[in-house]
>>> print(open('start.pdb').read())   # PDB, C-alpha atoms
ATOM      1  CA  MET A 156    -198.227-155.857  63.319  1.00  0.00           C
ATOM      2  CA  ILE A 157    -196.861-158.612  65.531  1.00  0.00           C
ATOM      3  CA  GLU A 158    -193.252-158.589  66.673  1.00  0.00           C
ATOM      4  CA  ILE A 159    -191.153-161.719  66.224  1.00  0.00           C
ATOM      5  CA  ALA A 160    -187.577-162.221  67.391  1.00  0.00           C
ATOM      6  CA  VAL A 161    -185.193-164.276  65.277  1.00  0.00           C
ATOM      7  CA  VAL A 162    -181.751-165.591  66.194  1.00  0.00           C
ATOM      8  CA  GLY A 163    -180.647-167.716  63.229  1.00  0.00           C
ATOM      9  CA  ALA A 164    -181.260-168.343  59.550  1.00  0.00           C
ATOM     10  CA  HIS A 165    -183.953-165.612  59.436  1.00  0.00           C
ATOM     11  CA  LEU A 166    -181.504-162.850  60.430  1.00  0.00           C
ATOM     12  CA  THR A 167    -180.919-160.096  57.879  1.00  0.00           C
ATOM     13  CA  GLY A 168    -178.838-161.388  54.969  1.00  0.00           C
ATOM     14  CA  LEU A 169    -179.045-165.051  55.959  1.00  0.00           C
ATOM     15  CA  PRO A 170    -180.682-167.835  53.899  1.00  0.00           C
ATOM     16  CA  LEU A 171    -184.245-167.692  55.306  1.00  0.00           C
ATOM     17  CA  ASN A 172    -184.602-163.921  55.787  1.00  0.00           C
ATOM     18  CA  HIS A 173    -186.499-163.738  52.491  1.00  0.00           C
ATOM     19  CA  GLU A 174    -189.408-165.557  54.187  1.00  0.00           C
ATOM     20  CA  LEU A 175    -189.956-162.630  56.573  1.00  0.00           C
ATOM     21  CA  VAL A 176    -189.655-160.093  53.767  1.00  0.00           C
ATOM     22  CA  ALA A 177    -192.060-162.003  51.482  1.00  0.00           C
ATOM     23  CA  LEU A 178    -194.718-161.945  54.223  1.00  0.00           C
ATOM     24  CA  GLY A 179    -194.487-158.175  54.633  1.00  0.00           C
ATOM     25  CA  GLY A 180    -191.956-158.228  57.465  1.00  0.00           C
ATOM     26  CA  THR A 181    -190.220-155.056  58.585  1.00  0.00           C
ATOM     27  CA  PHE A 182    -186.930-154.986  60.483  1.00  0.00           C
ATOM     28  CA  LEU A 183    -187.361-153.135  63.779  1.00  0.00           C
ATOM     29  CA  ARG A 184    -184.163-153.502  65.800  1.00  0.00           C
ATOM     30  CA  ALA A 185    -181.117-155.553  66.709  1.00  0.00           C
ATOM     31  CA  THR A 186    -180.842-156.538  70.362  1.00  0.00           C
ATOM     32  CA  GLY A 187    -179.959-159.519  72.491  1.00  0.00           C
ATOM     33  CA  THR A 188    -181.823-161.855  74.769  1.00  0.00           C
ATOM     34  CA  ARG A 189    -181.670-161.630  78.518  1.00  0.00           C
ATOM     35  CA  PRO A 190    -178.925-163.958  79.802  1.00  0.00           C
ATOM     36  CA  CYS A 191    -181.233-166.918  80.321  1.00  0.00           C
ATOM     37  CA  TYR A 192    -180.735-168.817  77.056  1.00  0.00           C
ATOM     38  CA  ARG A 193    -178.379-171.350  75.543  1.00  0.00           C
ATOM     39  CA  LEU A 194    -177.852-171.552  71.790  1.00  0.00           C
ATOM     40  CA  PHE A 195    -177.347-174.807  69.900  1.00  0.00           C
ATOM     41  CA  ALA A 196    -176.386-175.692  66.323  1.00  0.00           C
ATOM     42  CA  LEU A 197    -179.011-178.286  65.454  1.00  0.00           C
ATOM     43  CA  ALA A 198    -178.240-181.453  63.560  1.00  0.00           C
ATOM     44  CA  GLY A 199    -179.441-181.580  59.957  1.00  0.00           C
ATOM     45  CA  GLY A 200    -179.977-178.952  57.310  1.00  0.00           C
ATOM     46  CA  PRO A 201    -179.420-177.278  54.968  1.00  0.00           C
ATOM     47  CA  PRO A 202    -179.718-174.568  55.876  1.00  0.00           C
ATOM     48  CA  ARG A 203    -177.938-174.877  59.197  1.00  0.00           C
ATOM     49  CA  ARG A 204    -180.302-173.887  61.982  1.00  0.00           C
ATOM     50  CA  PRO A 205    -179.858-172.862  65.577  1.00  0.00           C
ATOM     51  CA  GLY A 206    -182.048-173.755  68.506  1.00  0.00           C
ATOM     52  CA  LEU A 207    -182.569-171.370  71.409  1.00  0.00           C
ATOM     53  CA  LEU A 208    -183.397-172.954  74.766  1.00  0.00           C
ATOM     54  CA  ARG A 209    -184.462-171.014  77.846  1.00  0.00           C
ATOM     55  CA  VAL A 210    -182.573-172.012  80.989  1.00  0.00           C
ATOM     56  CA  ALA A 211    -182.134-170.708  84.536  1.00  0.00           C
ATOM     57  CA  PRO A 212    -180.703-167.152  84.524  1.00  0.00           C
ATOM     58  CA  ARG A 213    -177.260-168.133  85.841  1.00  0.00           C
ATOM     59  CA  GLU A 214    -176.978-171.000  83.362  1.00  0.00           C
ATOM     60  CA  GLY A 215    -177.408-168.960  80.180  1.00  0.00           C
ATOM     61  CA  ALA A 216    -176.038-166.028  78.233  1.00  0.00           C
ATOM     62  CA  SER A 217    -177.310-163.132  76.145  1.00  0.00           C
ATOM     63  CA  ILE A 218    -177.764-164.215  72.517  1.00  0.00           C
ATOM     64  CA  ALA A 219    -177.804-161.780  69.579  1.00  0.00           C
ATOM     65  CA  ALA A 220    -181.268-161.325  68.068  1.00  0.00           C
ATOM     66  CA  GLU A 221    -183.256-159.236  65.605  1.00  0.00           C
ATOM     67  CA  VAL A 222    -186.838-158.145  66.074  1.00  0.00           C
ATOM     68  CA  TRP A 223    -189.082-157.978  63.022  1.00  0.00           C
ATOM     69  CA  ALA A 224    -192.739-156.998  62.671  1.00  0.00           C
ATOM     70  CA  LEU A 225    -195.139-159.053  60.569  1.00  0.00           C
ATOM     71  CA  PRO A 226    -198.741-158.276  59.628  1.00  0.00           C
ATOM     72  CA  GLU A 227    -201.175-160.588  61.458  1.00  0.00           C
ATOM     73  CA  GLU A 228    -201.865-162.709  58.373  1.00  0.00           C
ATOM     74  CA  GLY A 229    -198.155-162.976  57.560  1.00  0.00           C
ATOM     75  CA  PHE A 230    -197.370-163.935  61.154  1.00  0.00           C
ATOM     76  CA  GLY A 231    -199.949-166.718  61.049  1.00  0.00           C
ATOM     77  CA  ARG A 232    -198.617-168.077  57.762  1.00  0.00           C
ATOM     78  CA  PHE A 233    -195.028-167.828  59.015  1.00  0.00           C
ATOM     79  CA  VAL A 234    -195.700-169.661  62.280  1.00  0.00           C
ATOM     80  CA  ALA A 235    -197.750-172.369  60.548  1.00  0.00           C
ATOM     81  CA  ALA A 236    -194.744-173.252  58.374  1.00  0.00           C
ATOM     82  CA  ILE A 237    -192.205-173.671  61.206  1.00  0.00           C
ATOM     83  CA  PRO A 238    -190.969-177.265  61.325  1.00  0.00           C
ATOM     84  CA  GLY A 239    -190.361-179.086  64.596  1.00  0.00           C
ATOM     85  CA  PRO A 240    -188.339-179.215  66.754  1.00  0.00           C
ATOM     86  CA  LEU A 241    -188.499-175.433  66.426  1.00  0.00           C
ATOM     87  CA  CYS A 242    -191.456-173.623  67.929  1.00  0.00           C
ATOM     88  CA  ILE A 243    -192.626-170.126  68.827  1.00  0.00           C
ATOM     89  CA  GLY A 244    -192.679-168.901  72.394  1.00  0.00           C
ATOM     90  CA  THR A 245    -192.134-165.670  74.284  1.00  0.00           C
ATOM     91  CA  LEU A 246    -188.528-164.460  74.348  1.00  0.00           C
ATOM     92  CA  LEU A 247    -187.154-162.219  77.074  1.00  0.00           C
ATOM     93  CA  LEU A 248    -185.000-159.531  75.475  1.00  0.00           C
ATOM     94  CA  ALA A 249    -182.292-157.300  76.931  1.00  0.00           C
ATOM     95  CA  ASP A 250    -184.243-154.189  75.897  1.00  0.00           C
ATOM     96  CA  GLY A 251    -187.054-155.162  78.282  1.00  0.00           C
ATOM     97  CA  THR A 252    -189.468-156.382  75.607  1.00  0.00           C
ATOM     98  CA  ALA A 253    -190.935-159.889  75.344  1.00  0.00           C
ATOM     99  CA  PRO A 254    -191.947-160.593  71.724  1.00  0.00           C
ATOM    100  CA  LYS A 255    -192.766-163.947  70.251  1.00  0.00           C
ATOM    101  CA  GLY A 256    -189.726-165.740  68.883  1.00  0.00           C
ATOM    102  CA  PHE A 257    -188.013-168.972  67.985  1.00  0.00           C
ATOM    103  CA  LEU A 258    -187.289-171.615  70.601  1.00  0.00           C
ATOM    104  CA  VAL A 259    -186.333-175.271  70.340  1.00  0.00           C
ATOM    105  CA  GLU A 260    -188.014-178.224  71.992  1.00  0.00           C
ATOM    106  CA  PRO A 261    -185.551-180.149  74.199  1.00  0.00           C
ATOM    107  CA  GLU A 262    -186.015-183.282  72.066  1.00  0.00           C
ATOM    108  CA  GLY A 263    -184.483-181.359  69.155  1.00  0.00           C
ATOM    109  CA  LEU A 264    -181.157-181.078  70.958  1.00  0.00           C
ATOM    110  CA  HIS A 265    -180.211-184.702  70.219  1.00  0.00           C
ATOM    111  CA  GLY A 266    -176.972-184.442  68.230  1.00  0.00           C
ATOM    112  CA  ALA A 267    -176.836-180.645  68.606  1.00  0.00           C
ATOM    113  CA  GLU A 268    -173.720-178.670  69.544  1.00  0.00           C
ATOM    114  CA  ASP A 269    -173.881-176.081  72.329  1.00  0.00           C
ATOM    115  CA  ILE A 270    -172.626-172.855  70.718  1.00  0.00           C
ATOM    116  CA  THR A 271    -173.658-170.422  73.445  1.00  0.00           C
ATOM    117  CA  ARG A 272    -170.030-169.295  73.830  1.00  0.00           C
ATOM    118  CA  PHE A 273    -170.238-167.487  70.462  1.00  0.00           C
ATOM    119  CA  GLY A 274    -173.047-165.195  71.663  1.00  0.00           C
ATOM    120  CA  GLY A 275    -175.028-165.537  68.455  1.00  0.00           C
ATOM    121  CA  TRP A 276    -175.576-167.365  65.202  1.00  0.00           C
ATOM    122  CA  ARG A 277    -173.576-164.951  63.017  1.00  0.00           C
ATOM    123  CA  ALA A 278    -170.528-165.235  65.278  1.00  0.00           C
ATOM    124  CA  PHE A 279    -170.809-169.025  65.168  1.00  0.00           C
ATOM    125  CA  LEU A 280    -171.064-169.054  61.353  1.00  0.00           C
ATOM    126  CA  ALA A 281    -168.048-166.733  61.110  1.00  0.00           C
ATOM    127  CA  ALA A 282    -166.003-168.994  63.408  1.00  0.00           C
ATOM    128  CA  VAL A 283    -166.926-172.089  61.406  1.00  0.00           C
ATOM    129  CA  ALA A 284    -166.053-170.354  58.118  1.00  0.00           C
ATOM    130  CA  ALA A 285    -162.731-168.944  59.386  1.00  0.00           C
ATOM    131  CA  PRO A 286    -159.658-170.913  58.375  1.00  0.00           C
ATOM    132  CA  THR A 287    -157.948-172.620  61.267  1.00  0.00           C
ATOM    133  CA  THR A 288    -154.259-172.270  61.906  1.00  0.00           C
ATOM    134  CA  ALA A 289    -152.137-175.236  62.858  1.00  0.00           C
TER     135      ALA A 289
END
>>> encode(input="start.pdb", output="structure tokens")
Amino acid sequence: MIEIAVVGAHLTGLPLNHELVALGGTFLRATGTRPCYRLFALAGGPPRRPGLLRVAPREGASIAAEVWALPEEGFGRFVAAIPGPLCIGTLLLADGTAPKGFLVEPEGLHGAEDITRFGGWRAFLAAVAAPTTA
């Protein structure tokens, strides 16, 4: 099994989680990244997608993540289907592990909104869905 960290639409209960499950994925744990990432809401969709960008430690924050395990064949099929500007790299997690996970290429940030202040994709989606008061 190969561990993969997800921070967006592949999180449990979100629109693309079924892709992990269909490939034999198993949820392992919820954690966060080390505070060296910025999170962006990418332009385009649906579904809405985030982009995680590694930055200098004092320029980032911890971002909520889930770690899943995929069989080798499932991992290969999963990674092969990832559209740019997303890519797979090594994520540094708060629990001391460094699994493979989603990152975004800097070019993909054109038109994106920096949503690091929310600390994670779910919190961002909740804030966007919440009614605003005048």
>>> resolve_selection(input="start.pdb", expression="the PyMOL selection byres ((chain A and resi 271) around 7)", output="VMD selection string")
chain A and resid 193 to 195 216 269 to 270 272 to 274
>>> residues_around(input="start.pdb", residues="Gly244 of chain A", least_positions_apart="5", cutoff="7 Å", atoms="only C-alpha atoms", output="list of chain:residue names")
A:Lys255, A:Gly256, A:Phe257, A:Leu258
>>> closest_residue(input="start.pdb", among="A:Val176, A:Leu169, A:Ala278, A:Leu241", to="Glu260 of chain A", atoms="all atoms listed in the file")
A:Leu241
>>> residues_near_point(input="start.pdb", point="(-187.5, -177.3, 63.3)", cutoff="10 Å", atoms="all atoms listed in the file", output="short mmCIF file (atom, residue, chain, number, x, y, z; two decimals) with C-alpha atoms, keeping the file's coordinate frame")
data_model
loop_
_atom_site.label_atom_id
_atom_site.label_comp_id
_atom_site.auth_asym_id
_atom_site.auth_seq_id
_atom_site.Cartn_x
_atom_site.Cartn_y
_atom_site.Cartn_z
CA LEU A 197 -179.01 -178.29 65.45
CA GLY A 199 -179.44 -181.58 59.96
CA GLY A 200 -179.98 -178.95 57.31
CA ARG A 204 -180.30 -173.89 61.98
CA PRO A 205 -179.86 -172.86 65.58
CA GLY A 206 -182.05 -173.76 68.51
CA ALA A 236 -194.74 -173.25 58.37
CA ILE A 237 -192.20 -173.67 61.21
CA PRO A 238 -190.97 -177.26 61.32
CA GLY A 239 -190.36 -179.09 64.60
CA PRO A 240 -188.34 -179.22 66.75
CA LEU A 241 -188.50 -175.43 66.43
CA CYS A 242 -191.46 -173.62 67.93
CA PHE A 257 -188.01 -168.97 67.98
CA LEU A 258 -187.29 -171.62 70.60
CA VAL A 259 -186.33 -175.27 70.34
CA GLU A 260 -188.01 -178.22 71.99
CA GLY A 263 -184.48 -181.36 69.16
#
>>> closest_residue(input="start.pdb", among="A:Ala160, A:Leu247, A:Leu166, A:Leu178", to="Tyr192 of chain A", atoms="all atoms listed in the file")
A:Leu247
>>> residues_near_point(input="start.pdb", point="(-201.6, -163.2, 58.9)", cutoff="12 Å", atoms="all atoms listed in the file", output="PyMOL selection string")
chain A and resi 156-157+175+178-180+224-235
>>> atom_distance(input="start.pdb", atom1="atom CA of Cys191 of chain A", atom2="atom CA of Arg209 of chain A")
5.8 Å
>>> atom_distance(input="start.pdb", atom1="atom CA of Arg184 of chain A", atom2="atom CA of Trp223 of chain A")
7.2 Å
>>> atom_distance(input="start.pdb", atom1="atom CA of Ala198 of chain A", atom2="atom CA of Leu280 of chain A")
14.5 Å
>>> closest_residue(input="start.pdb", among="A:Pro261, A:Gly266, A:Gly275, A:Pro170", to="Pro201 of chain A", atoms="all atoms listed in the file")
A:Pro170
>>> residues_around(input="start.pdb", residues="Thr252 of chain A", least_positions_apart="5", cutoff="12 Å", atoms="all atoms listed in the file", output="JSON, numbers by chain")
{"A": [158, 159, 160, 184, 186, 187, 188, 189, 222, 245, 246, 247]}
>>> closest_residue(input="start.pdb", among="A:Leu208, A:Ala282, A:Ala219, A:Leu171", to="Glu262 of chain A", atoms="all atoms listed in the file")
A:Leu208
>>> residues_around(input="start.pdb", residues="Thr167 of chain A", least_positions_apart="4", cutoff="9 Å", atoms="only C-alpha atoms", output="ChimeraX atom specification")
/A:171-173,182,221
>>> write_last_selection(input="start.pdb", atoms="C-alpha atoms", output="mmCIF file, in the coordinates of the input")
data_model
loop_
_atom_site.group_PDB
_atom_site.id
_atom_site.type_symbol
_atom_site.label_atom_id
_atom_site.label_comp_id
_atom_site.auth_asym_id
_atom_site.auth_seq_id
_atom_site.Cartn_x
_atom_site.Cartn_y
_atom_site.Cartn_z
ATOM 1 C CA LEU A 171 -184.245 -167.692 55.306
ATOM 2 C CA ASN A 172 -184.602 -163.921 55.787
ATOM 3 C CA HIS A 173 -186.499 -163.738 52.491
ATOM 4 C CA PHE A 182 -186.930 -154.986 60.483
ATOM 5 C CA GLU A 221 -183.256 -159.236 65.605
#
>>> closest_residue(input="start.pdb", among="A:Gly215, A:Ala177, A:Ala220, A:Glu268", to="Asp250 of chain A", atoms="only C-alpha atoms")
A:Ala220
>>> axis_aligned_box(input="start.pdb", around="segment 193-206 of chain A", padding_each_side="8 Å", output="lines of an AutoDock Vina configuration file")
center_x = -179.2
center_y = -176.5
center_z = 65.3
size_x = 21.7
size_y = 26.2
size_z = 36.6
>>> build_atoms(input="start.pdb", residues="segment 265-277 of chain A", atoms="N, CA and C atoms", output="tab-separated table (two decimals), in the frame of the given file")
chain	number	residue	atom	x	y	z
A	265	HIS	N	-180.97	-183.46	70.47
A	265	HIS	CA	-180.21	-184.70	70.22
A	265	HIS	C	-179.27	-184.48	69.04
A	266	GLY	N	-177.97	-184.64	69.28
A	266	GLY	CA	-176.97	-184.44	68.23
A	266	GLY	C	-176.59	-182.99	67.99
A	267	ALA	N	-177.13	-182.07	68.78
A	267	ALA	CA	-176.84	-180.64	68.61
A	267	ALA	C	-175.56	-180.27	69.35
A	268	GLU	N	-174.93	-179.20	68.91
A	268	GLU	CA	-173.72	-178.67	69.54
A	268	GLU	C	-174.07	-177.39	70.30
A	269	ASP	N	-173.66	-177.29	71.54
A	269	ASP	CA	-173.88	-176.08	72.33
A	269	ASP	C	-172.91	-175.01	71.83
A	270	ILE	N	-173.46	-173.93	71.28
A	270	ILE	CA	-172.63	-172.86	70.72
A	270	ILE	C	-172.86	-171.53	71.45
A	271	THR	N	-173.37	-171.62	72.65
A	271	THR	CA	-173.66	-170.42	73.44
A	271	THR	C	-172.44	-169.51	73.55
A	272	ARG	N	-171.25	-170.08	73.65
A	272	ARG	CA	-170.03	-169.30	73.83
A	272	ARG	C	-169.80	-168.27	72.73
A	273	PHE	N	-170.41	-168.43	71.57
A	273	PHE	CA	-170.24	-167.49	70.46
A	273	PHE	C	-171.13	-166.26	70.61
A	274	GLY	N	-172.17	-166.34	71.42
A	274	GLY	CA	-173.05	-165.20	71.66
A	274	GLY	C	-174.05	-164.92	70.57
A	275	GLY	N	-174.07	-165.73	69.54
A	275	GLY	CA	-175.03	-165.54	68.46
A	275	GLY	C	-174.70	-166.40	67.25
A	276	TRP	N	-175.69	-166.52	66.39
A	276	TRP	CA	-175.58	-167.36	65.20
A	276	TRP	C	-174.55	-166.83	64.21
A	277	ARG	N	-174.54	-165.52	63.97
A	277	ARG	CA	-173.58	-164.95	63.02
A	277	ARG	C	-172.14	-165.21	63.47
